[in-house]
4 protein chains.
Amino acid sequence: MAVVGASGYLGAEAVRLLSGHPSLRLTQAVSAHHSGEPLSKVLPWIPRSQDLRLASPSDPLDVDAAILALPSGESLRVVPDLLARGIRVVDLGADYRLTTPGLYEKVYGRAHTDPEGLASAVYGLTELNRERIATARLVANPGCYPTATLLALVPLAREGVLPPHVIVDAKSGTSGAGAAPGPLTHHSEAAASVTPYGDGMHRHLPEIRQALGMLAGTPADGSPGITFSPHLVPLVRGILCSIYAPGVDPALPEPWMHVLETAYAECPFVRLGSVPKLPWATGSNACLLHVQASPPSLVVFSAIDNLVKGGAGQALQNLNVMYGLPETTGLPLGGLGI
Amino acid sequence: MAVVGASGYLGAEAVRLLSGHPSLRLTQAVSAHHSGEPLSKVLPWIPRSQDLRLASPSDPLDVDAAILALPSGESLRVVPDLLARGIRVVDLGADYRLTTPGLYEKVYGRAHTDPEGLASAVYGLTELNRERIATARLVANPGCYPTATLLALVPLAREGVLPPHVIVDAKSGTSGAGAAPGPLTHHSEAAASVTPYGDGMHRHLPEIRQALGMLAGTPADGSPGITFSPHLVPLVRGILCSIYAPGVDPALPEPWMHVLETAYAECPFVRLGSVPKLPWATGSNACLLHVQASPPSLVVFSAIDNLVKGGAGQALQNLNVMYGLPETTGLPLGGLGI
Amino acid sequence: MAVVGASGYLGAEAVRLLSGHPSLRLTQAVSAHHSGEPLSKVLPWIPRSQDLRLASPSDPLDVDAAILALPSGESLRVVPDLLARGIRVVDLGADYRLTTPGLYEKVYGRAHTDPEGLASAVYGLTELNRERIATARLVANPGCYPTATLLALVPLAREGVLPPHVIVDAKSGTSGAGAAPGPLTHHSEAAASVTPYGDGMHRHLPEIRQALGMLAGTPADGSPGITFSPHLVPLVRGILCSIYAPGVDPALPEPWMHVLETAYAECPFVRLGSVPKLPWATGSNACLLHVQASPPSLVVFSAIDNLVKGGAGQALQNLNVMYGLPETTGLPLGGLGI
Amino acid sequence: MAVVGASGYLGAEAVRLLSGHPSLRLTQAVSAHHSGEPLSKVLPWIPRSQDLRLASPSDPLDVDAAILALPSGESLRVVPDLLARGIRVVDLGADYRLTTPGLYEKVYGRAHTDPEGLASAVYGLTELNRERIATARLVANPGCYPTATLLALVPLAREGVLPPHVIVDAKSGTSGAGAAPGPLTHHSEAAASVTPYGDGMHRHLPEIRQALGMLAGTPADGSPGITFSPHLVPLVRGILCSIYAPGVDPALPEPWMHVLETAYAECPFVRLGSVPKLPWATGSNACLLHVQASPPSLVVFSAIDNLVKGGAGQALQNLNVMYGLPETTGLPLGGLGI
């Protein structure tokens, strides 16, 4: 197993989770910025990583599978070669999530250079696409916001119960913005504020709309209309999505809870319960859901650790599925709690 | 000037703001828990308070006006006597906000014992009710959430442009919950979480609906339907309301901005600008508004310091109006920034 | 295995860690406040706990070993009976830490009612007292502050290199103060502050002095003089101790690092490295140490997760030793990192 | 009045405080990065700044006095010209704090290019150097850490009561590190940690040692030895220094409190009281002191808002003194409290 981009937050989290995995063994870790350094120096909190030295992106990989945690656009340069050499890939980036080159170009402002790979990519929302993931060679791991949003919405969309408009007010810790310092995530700017930052056009919205169509059969550019509004909150880990369905009968929380409970009856990571608190998910691969009446709307709350279920944990979950292992192997079911 | 309930967060903030006010002078401060102690010991951050000793609730007030910052229900026991003695009152609590005894009993589960006072109370949302406040003897200061919400919604409701459903996703620092410790605001529970806590039925919703009707003429139990969903965020001061208007033409942010700019052209505390950050309001009496397209919705962001514009600052603003002083006297126009 | 006091922060953490332990199985959990309720409802973040119902303190325990996480003084009422029934006990409280009834009474202001148990108790600082722990029936688990302090100081004290005075400036997250709400840990009081709270006489100081004597042979009331100064910092988990040795040759960090490295060469949880960051320990049983020259002092930094190595994790580590299991069984070696 | 470097945190704070000052009027604001933009756009939280446009560093200043808030080394390039043109200068940077070119070069690694200006500079610790400040043309404003440390230590050093070693464990919010993003102050790195970052050699230590000699007559390279150890804490504003005097008679807190009370009897910003909380100083020019017995040490706690008393507020305090205004003019005496 290789992790490419091991010094970013998602790559480091993949290394951390692999260090406790009983079957998947990390044998190569790649970092453009730290090649040649011991992994234990770059990620000092992961004690089992002491023997590895970080490889350079130009070093060949000698593995069965690779987790990619690269800046936007860079997966396009490495995936074709990895697939050609028979290496299975789980890509934590966005390059293989949108299913058509046209949509990719529209959203990211550059041409997609690997349409063949794109055609073969499987969307890695494990609970809702497990069968296709099992046989995939290339898995496009969902974004953190889409993971929290879709696990709440897809079963309800499949039942056809969503109203014409749905509003997703998302609150995210700052680790979702990555390890590169910048004004938005400068501590003095972020620590005493709640910062809306989406400009109304977040890149995750096309991913959410497309996945709703693909996984729930909703029309590609029709109902439900999704408003997606991300906010940075002064936390490091965690996403809470408050998802509003206006104009829905307030007697429906129980039926909606039932739809979700049924959908995830065999899914140990996705759990229905009381209104979730973020630390219940922190450090774990859990997604915690709750439906509440808030007349004249219903609200669905969805909580995850953005680096685990919203990133590296779901990547390992997908690898478990791809290797025929029990889906929960090596992944914490429960969070720190406080 | 007296502050009754001076040791709670809102009462202490009133004392703090009065200490910098050039015309309104604090001569009595009352605290049930700290009577007899020097104010400077109980509120050690307010240096000009050194000479006062806290009075007991049974001590008579010898003042022209009083700010009440009391637990729910307790204003009912002191307001009739204060009014009878000719003392003007600004009540920071909820006892005189709902205009009918029946609604009060429905929301708070107890009878309203001062219907006469209630009939005379004026709702203290300064910018939108200034003329009635000027001649009031009893002002019911709005709650912090209604202040942030109504300053955004009332001008739009007056124009009749709001859609049938509006969703208010409110994020509040913990000081809004007051100084009494409890599980919800225990640091270890609140500091690493974003906690939805409204149970779908927040007490501020009837106040918002009633004020929309009173100040904007919307029908009492009709459109727009308001979903109000409060969340605790790990901050001390500040409320950010993200207010969603689904299904509205995405070309409308500029016209909506214009409606708000026009409504507040003469109001130095309410300002339209870029997406607000909470510290821009911290410590000040400002309310910062912005309208953004987030297709298929419009979003209005509204940011205040809950203890100032959402409480003690607006109380002083109302007293300025009641005493014919310039409305901004003694009140910070701008926040700390960071 | 039983956890008594399962709904407090340390008890809950013991339940959480046991849920991932391959050999020690939780079969009873006791809570005075929540008896009869399902553990999964009281600790909703721990999915494997779904089958247990919380027992009442009056229910008999049918286990080999018990972890006690009780309020100060309450262990005295249950330990004698547990020992009499052959149940091994690891006590997370302070009742069996001070080795003489006289010292206990002096520090806690009440008589010690179980001098026999006290005489048999073994101090549970695993790395430095492993052999005695292996055969103990009753282990007094160290406090969180003493754990972080003693792991830094004992090897240096054994070498006799400490100066006459040592200053421990300790910064702790609020979870160390427990789950009961109070003014000191009210979010609005704690979240924007660093709060010194020791009054110069913290209860952990006698424990530190005694353990230095017991484990390093320092004189009972003599050198080194230890100043212990605790501060609450706005975090939930984590303790960082900055330990100053004034007047020491600034060329000594390497020799001191060497003393510590040698002492912990066989101890996977205690690691020397660069200046530690708290999240490197969060969620793990690690203690991270570093020595730095800060002329005219040396500084030793020591970082732990107070709920794990400073509490429930060290309890499991001790149980591993008591049961002859590898010491690291079921305990995370590395923290979340961020 | 001009502020040069108006878009950094200290410059912005100077603009903010000037906006509420009744006598000192901001007429020019300079920013290398934002020249030509309206000040109200760059500092949107300061409403009274609406008319000014930011000037470029090459624009001539037409003012009586200037506050400089520039990156290290840049004041050397502008001060000579300003002084030559008769403009009084308060420099918030470090270029004129160390009194000899040799020490400056040793600490900052570059030659001091304005030894003449340096010789004329007056150290701007207002309470302890007021008379020289009154007639100064160039004031070197102290650093934030030295301000908090020296206000505690100088009166005690003057009395000759300090022991041979003093340890300053300083906890600072991240705004002290400035507005430029970097790894140390990246939110995800700083928000869940307490980070020692001094490497034992903080640049503020020579400033502290020199000022102790200058203001208290301690020997230049002798007793007391000062260990200065800075830590970043997850706050934006505020510095708490815990200053340890080991081996001092524990009966001395009252006499030491008396020394400090006497020293600051006529200083409204420096106040002795109970153990200070940081928010008591936030937003104000206060420095709050307390002495506590922590046998075998005494501890002095000192709390300030690093951007106000530790920066822009003290600059205005010095300008008040230079212009013969009451020292407190336009400066908040008390903080937000919570």
# chains A, B, ... in the order shown; residues from 1 in each chain; ligands from 1
call {"tool": "closest_atom_pairs", "arguments": {"of": "chain B", "to": "chain D", "cutoff": "6 Å", "atoms": "only C-alpha atoms", "output": "tab-separated table"}}
result
residue	atom	partner	partner_atom	distance
B:Trp45	CA	D:Trp280	CA	4.6
B:Ile46	CA	D:Gly334	CA	5.1
B:Pro47	CA	D:Gly334	CA	5.9
B:Trp280	CA	D:Trp45	CA	4.6
B:Gly334	CA	D:Ile46	CA	5.0
B:Gly335	CA	D:Trp45	CA	5.7
B:Gly337	CA	D:Trp45	CA	5.5
call {"tool": "write_last_selection", "arguments": {"atoms": "all heavy atoms", "output": "short mmCIF file (atom, residue, chain, number, x, y, z; two decimals), in the first residue's frame"}}
result
data_model
loop_
_atom_site.label_atom_id
_atom_site.label_comp_id
_atom_site.auth_asym_id
_atom_site.auth_seq_id
_atom_site.Cartn_x
_atom_site.Cartn_y
_atom_site.Cartn_z
N TRP B 45 -13.49 43.86 35.83
CA TRP B 45 -12.97 44.43 34.59
C TRP B 45 -13.48 45.85 34.34
O TRP B 45 -13.08 46.46 33.35
CB TRP B 45 -13.31 43.54 33.40
CG TRP B 45 -14.75 43.26 33.19
CD1 TRP B 45 -15.63 43.94 32.39
CD2 TRP B 45 -15.51 42.20 33.78
NE1 TRP B 45 -16.88 43.37 32.45
CE2 TRP B 45 -16.84 42.31 33.29
CE3 TRP B 45 -15.22 41.17 34.68
CZ2 TRP B 45 -17.84 41.42 33.68
CZ3 TRP B 45 -16.22 40.29 35.05
CH2 TRP B 45 -17.51 40.42 34.56
N ILE B 46 -14.36 46.36 35.21
CA ILE B 46 -14.96 47.68 34.96
C ILE B 46 -14.44 48.67 35.99
O ILE B 46 -14.97 48.78 37.10
CB ILE B 46 -16.50 47.62 35.03
CG1 ILE B 46 -17.02 46.49 34.13
CG2 ILE B 46 -17.11 48.97 34.63
CD1 ILE B 46 -18.50 46.27 34.19
N PRO B 47 -13.38 49.40 35.67
CA PRO B 47 -12.70 50.18 36.71
C PRO B 47 -13.51 51.35 37.23
O PRO B 47 -13.38 51.72 38.39
CB PRO B 47 -11.44 50.68 36.01
CG PRO B 47 -11.67 50.49 34.57
CD PRO B 47 -12.71 49.45 34.39
N TRP B 280 -15.90 41.64 13.57
CA TRP B 280 -16.16 43.01 13.14
C TRP B 280 -17.24 43.67 14.01
O TRP B 280 -17.32 44.89 14.09
CB TRP B 280 -16.61 43.05 11.67
CG TRP B 280 -15.59 42.55 10.70
CD1 TRP B 280 -14.31 42.15 10.98
CD2 TRP B 280 -15.76 42.39 9.29
NE1 TRP B 280 -13.69 41.75 9.82
CE2 TRP B 280 -14.55 41.89 8.77
CE3 TRP B 280 -16.81 42.63 8.41
CZ2 TRP B 280 -14.36 41.61 7.42
CZ3 TRP B 280 -16.63 42.36 7.06
CH2 TRP B 280 -15.41 41.86 6.57
N GLY B 334 -17.98 50.46 15.93
CA GLY B 334 -17.23 49.39 15.29
C GLY B 334 -16.67 48.40 16.30
O GLY B 334 -16.41 48.75 17.45
N GLY B 335 -16.50 47.18 15.86
CA GLY B 335 -16.04 46.12 16.74
C GLY B 335 -14.53 46.03 16.82
O GLY B 335 -13.80 46.84 16.24
N GLY B 337 -12.62 43.87 15.47
CA GLY B 337 -12.01 43.55 14.18
C GLY B 337 -11.37 42.17 14.20
O GLY B 337 -11.69 41.31 13.41
#
call {"tool": "closest_residue", "arguments": {"among": "B:Asn306, B:Ser56, B:Ser7, B:Ser229", "to": "B:Pro71", "atoms": "only C-alpha atoms"}}
result
B:Ser7
call {"tool": "select_by_dssp", "arguments": {"residues": "stretch 22-172 of chain B", "states": "strand (DSSP E or B)", "output": "VMD selection string"}}
result
chain B and resid 28 to 30 38 53 55 65 to 68 88 to 91 122 to 123 138 to 140 165 to 172
call {"tool": "residues_around", "arguments": {"residues": "D:Gly178", "least_positions_apart": "6", "cutoff": "9 Å", "atoms": "only C-alpha atoms", "output": "short mmCIF file (atom, residue, chain, number, x, y, z; two decimals) with all heavy atoms, in the first residue's frame"}}
result
data_model
loop_
_atom_site.label_atom_id
_atom_site.label_comp_id
_atom_site.auth_asym_id
_atom_site.auth_seq_id
_atom_site.Cartn_x
_atom_site.Cartn_y
_atom_site.Cartn_z
N SER A 188 -5.84 33.84 13.81
CA SER A 188 -6.46 35.07 14.31
C SER A 188 -7.69 35.47 13.51
O SER A 188 -8.55 36.21 14.01
CB SER A 188 -5.44 36.22 14.29
OG SER A 188 -4.41 35.99 15.23
N GLY D 8 -1.75 45.93 8.86
CA GLY D 8 -1.38 44.86 9.78
C GLY D 8 -2.21 44.93 11.04
O GLY D 8 -2.99 45.86 11.23
N TYR D 9 -2.05 43.95 11.93
CA TYR D 9 -2.90 43.93 13.11
C TYR D 9 -2.64 45.12 14.04
O TYR D 9 -3.57 45.71 14.57
CB TYR D 9 -2.71 42.62 13.88
CG TYR D 9 -3.34 41.42 13.22
CD1 TYR D 9 -2.96 40.13 13.57
CD2 TYR D 9 -4.34 41.55 12.25
CE1 TYR D 9 -3.54 39.02 12.97
CE2 TYR D 9 -4.92 40.45 11.65
CZ TYR D 9 -4.51 39.18 12.01
OH TYR D 9 -5.09 38.09 11.43
N LEU D 10 -1.39 45.47 14.25
CA LEU D 10 -1.10 46.59 15.15
C LEU D 10 -1.49 47.92 14.51
O LEU D 10 -2.03 48.80 15.18
CB LEU D 10 0.38 46.60 15.55
CG LEU D 10 0.78 45.58 16.60
CD1 LEU D 10 2.29 45.58 16.81
CD2 LEU D 10 0.08 45.85 17.93
#
call {"tool": "atom_distance", "arguments": {"atom1": "atom CA of C:Ala148", "atom2": "atom CA of D:Val299"}}
result
21.3 Å
call {"tool": "residues_around", "arguments": {"residues": "stretch 160-168 of chain B", "least_positions_apart": "4", "cutoff": "6 Å", "atoms": "only C-alpha atoms", "output": "PyMOL selection string"}}
result
chain B and resi 156+223-228+242-245
call {"tool": "residues_around", "arguments": {"residues": "A:Thr135", "least_positions_apart": "3", "cutoff": "12 Å", "atoms": "only C-alpha atoms", "output": "PDB file with N, CA, C and O atoms, in the first residue's frame"}}
result
ATOM      1  N   ARG A  88      -4.267  -0.557  -8.030  1.00  0.00           N
ATOM      2  CA  ARG A  88      -5.582   0.012  -7.711  1.00  0.00           C
ATOM      3  C   ARG A  88      -5.394   1.373  -7.043  1.00  0.00           C
ATOM      4  O   ARG A  88      -4.451   1.557  -6.265  1.00  0.00           O
ATOM      5  N   VAL A  89      -6.311   2.258  -7.320  1.00  0.00           N
ATOM      6  CA  VAL A  89      -6.167   3.632  -6.843  1.00  0.00           C
ATOM      7  C   VAL A  89      -7.435   4.088  -6.134  1.00  0.00           C
ATOM      8  O   VAL A  89      -8.551   3.882  -6.635  1.00  0.00           O
ATOM      9  N   SER A 120     -13.827   5.077 -16.190  1.00  0.00           N
ATOM     10  CA  SER A 120     -13.746   3.847 -15.388  1.00  0.00           C
ATOM     11  C   SER A 120     -13.886   4.110 -13.895  1.00  0.00           C
ATOM     12  O   SER A 120     -14.022   3.171 -13.103  1.00  0.00           O
ATOM     13  N   ALA A 121     -13.849   5.381 -13.497  1.00  0.00           N
ATOM     14  CA  ALA A 121     -13.836   5.681 -12.065  1.00  0.00           C
ATOM     15  C   ALA A 121     -15.183   5.390 -11.417  1.00  0.00           C
ATOM     16  O   ALA A 121     -16.233   5.610 -12.014  1.00  0.00           O
ATOM     17  N   VAL A 122     -15.125   4.896 -10.191  1.00  0.00           N
ATOM     18  CA  VAL A 122     -16.334   4.589  -9.419  1.00  0.00           C
ATOM     19  C   VAL A 122     -16.395   5.545  -8.238  1.00  0.00           C
ATOM     20  O   VAL A 122     -15.401   5.758  -7.543  1.00  0.00           O
ATOM     21  N   TYR A 123     -17.584   6.110  -8.020  1.00  0.00           N
ATOM     22  CA  TYR A 123     -17.744   7.076  -6.932  1.00  0.00           C
ATOM     23  C   TYR A 123     -17.753   6.338  -5.590  1.00  0.00           C
ATOM     24  O   TYR A 123     -18.557   5.426  -5.366  1.00  0.00           O
ATOM     25  N   GLY A 124     -16.866   6.759  -4.693  1.00  0.00           N
ATOM     26  CA  GLY A 124     -16.590   5.952  -3.509  1.00  0.00           C
ATOM     27  C   GLY A 124     -17.395   6.276  -2.264  1.00  0.00           C
ATOM     28  O   GLY A 124     -16.828   6.296  -1.172  1.00  0.00           O
ATOM     29  N   ASN A 129     -22.728   2.719  -2.714  1.00  0.00           N
ATOM     30  CA  ASN A 129     -22.198   2.319  -4.019  1.00  0.00           C
ATOM     31  C   ASN A 129     -21.253   1.125  -3.869  1.00  0.00           C
ATOM     32  O   ASN A 129     -20.342   0.930  -4.661  1.00  0.00           O
ATOM     33  N   ARG A 130     -21.517   0.313  -2.840  1.00  0.00           N
ATOM     34  CA  ARG A 130     -20.589  -0.727  -2.418  1.00  0.00           C
ATOM     35  C   ARG A 130     -20.281  -1.756  -3.512  1.00  0.00           C
ATOM     36  O   ARG A 130     -19.129  -2.150  -3.706  1.00  0.00           O
ATOM     37  N   GLU A 131     -21.297  -2.138  -4.246  1.00  0.00           N
ATOM     38  CA  GLU A 131     -21.085  -3.210  -5.222  1.00  0.00           C
ATOM     39  C   GLU A 131     -20.138  -2.787  -6.330  1.00  0.00           C
ATOM     40  O   GLU A 131     -19.268  -3.557  -6.739  1.00  0.00           O
ATOM     41  N   ARG A 132     -20.303  -1.580  -6.800  1.00  0.00           N
ATOM     42  CA  ARG A 132     -19.423  -1.127  -7.880  1.00  0.00           C
ATOM     43  C   ARG A 132     -18.000  -0.894  -7.353  1.00  0.00           C
ATOM     44  O   ARG A 132     -17.025  -1.114  -8.063  1.00  0.00           O
ATOM     45  N   LEU A 138     -10.311   2.069  -9.977  1.00  0.00           N
ATOM     46  CA  LEU A 138     -10.099   3.477  -9.630  1.00  0.00           C
ATOM     47  C   LEU A 138     -11.338   3.983  -8.898  1.00  0.00           C
ATOM     48  O   LEU A 138     -12.436   3.982  -9.465  1.00  0.00           O
ATOM     49  N   VAL A 139     -11.143   4.369  -7.660  1.00  0.00           N
ATOM     50  CA  VAL A 139     -12.251   4.908  -6.865  1.00  0.00           C
ATOM     51  C   VAL A 139     -12.025   6.391  -6.649  1.00  0.00           C
ATOM     52  O   VAL A 139     -10.952   6.820  -6.208  1.00  0.00           O
ATOM     53  N   ASN A 318     -13.198   1.855   1.536  1.00  0.00           N
ATOM     54  CA  ASN A 318     -13.302   1.402   0.144  1.00  0.00           C
ATOM     55  C   ASN A 318     -12.259   0.330  -0.181  1.00  0.00           C
ATOM     56  O   ASN A 318     -12.556  -0.643  -0.873  1.00  0.00           O
ATOM     57  N   LEU A 319     -11.058   0.491   0.330  1.00  0.00           N
ATOM     58  CA  LEU A 319     -10.035  -0.533   0.108  1.00  0.00           C
ATOM     59  C   LEU A 319     -10.438  -1.848   0.769  1.00  0.00           C
ATOM     60  O   LEU A 319     -10.223  -2.931   0.213  1.00  0.00           O
ATOM     61  N   ASN A 320     -11.024  -1.760   1.972  1.00  0.00           N
ATOM     62  CA  ASN A 320     -11.538  -2.982   2.597  1.00  0.00           C
ATOM     63  C   ASN A 320     -12.516  -3.688   1.653  1.00  0.00           C
ATOM     64  O   ASN A 320     -12.434  -4.905   1.456  1.00  0.00           O
ATOM     65  N   VAL A 321     -13.421  -2.919   1.065  1.00  0.00           N
ATOM     66  CA  VAL A 321     -14.399  -3.501   0.144  1.00  0.00           C
ATOM     67  C   VAL A 321     -13.702  -4.072  -1.089  1.00  0.00           C
ATOM     68  O   VAL A 321     -14.004  -5.181  -1.546  1.00  0.00           O
ATOM     69  N   MET A 322     -12.721  -3.340  -1.617  1.00  0.00           N
ATOM     70  CA  MET A 322     -12.025  -3.788  -2.825  1.00  0.00           C
ATOM     71  C   MET A 322     -11.220  -5.065  -2.580  1.00  0.00           C
ATOM     72  O   MET A 322     -11.011  -5.858  -3.499  1.00  0.00           O
ATOM     73  N   TYR A 323     -10.758  -5.248  -1.338  1.00  0.00           N
ATOM     74  CA  TYR A 323      -9.971  -6.440  -1.017  1.00  0.00           C
ATOM     75  C   TYR A 323     -10.812  -7.543  -0.370  1.00  0.00           C
ATOM     76  O   TYR A 323     -10.264  -8.531   0.090  1.00  0.00           O
ATOM     77  N   GLY A 324     -12.123  -7.337  -0.299  1.00  0.00           N
ATOM     78  CA  GLY A 324     -12.980  -8.367   0.275  1.00  0.00           C
ATOM     79  C   GLY A 324     -12.847  -8.513   1.774  1.00  0.00           C
ATOM     80  O   GLY A 324     -13.234  -9.532   2.346  1.00  0.00           O
TER      81      GLY A 324
END
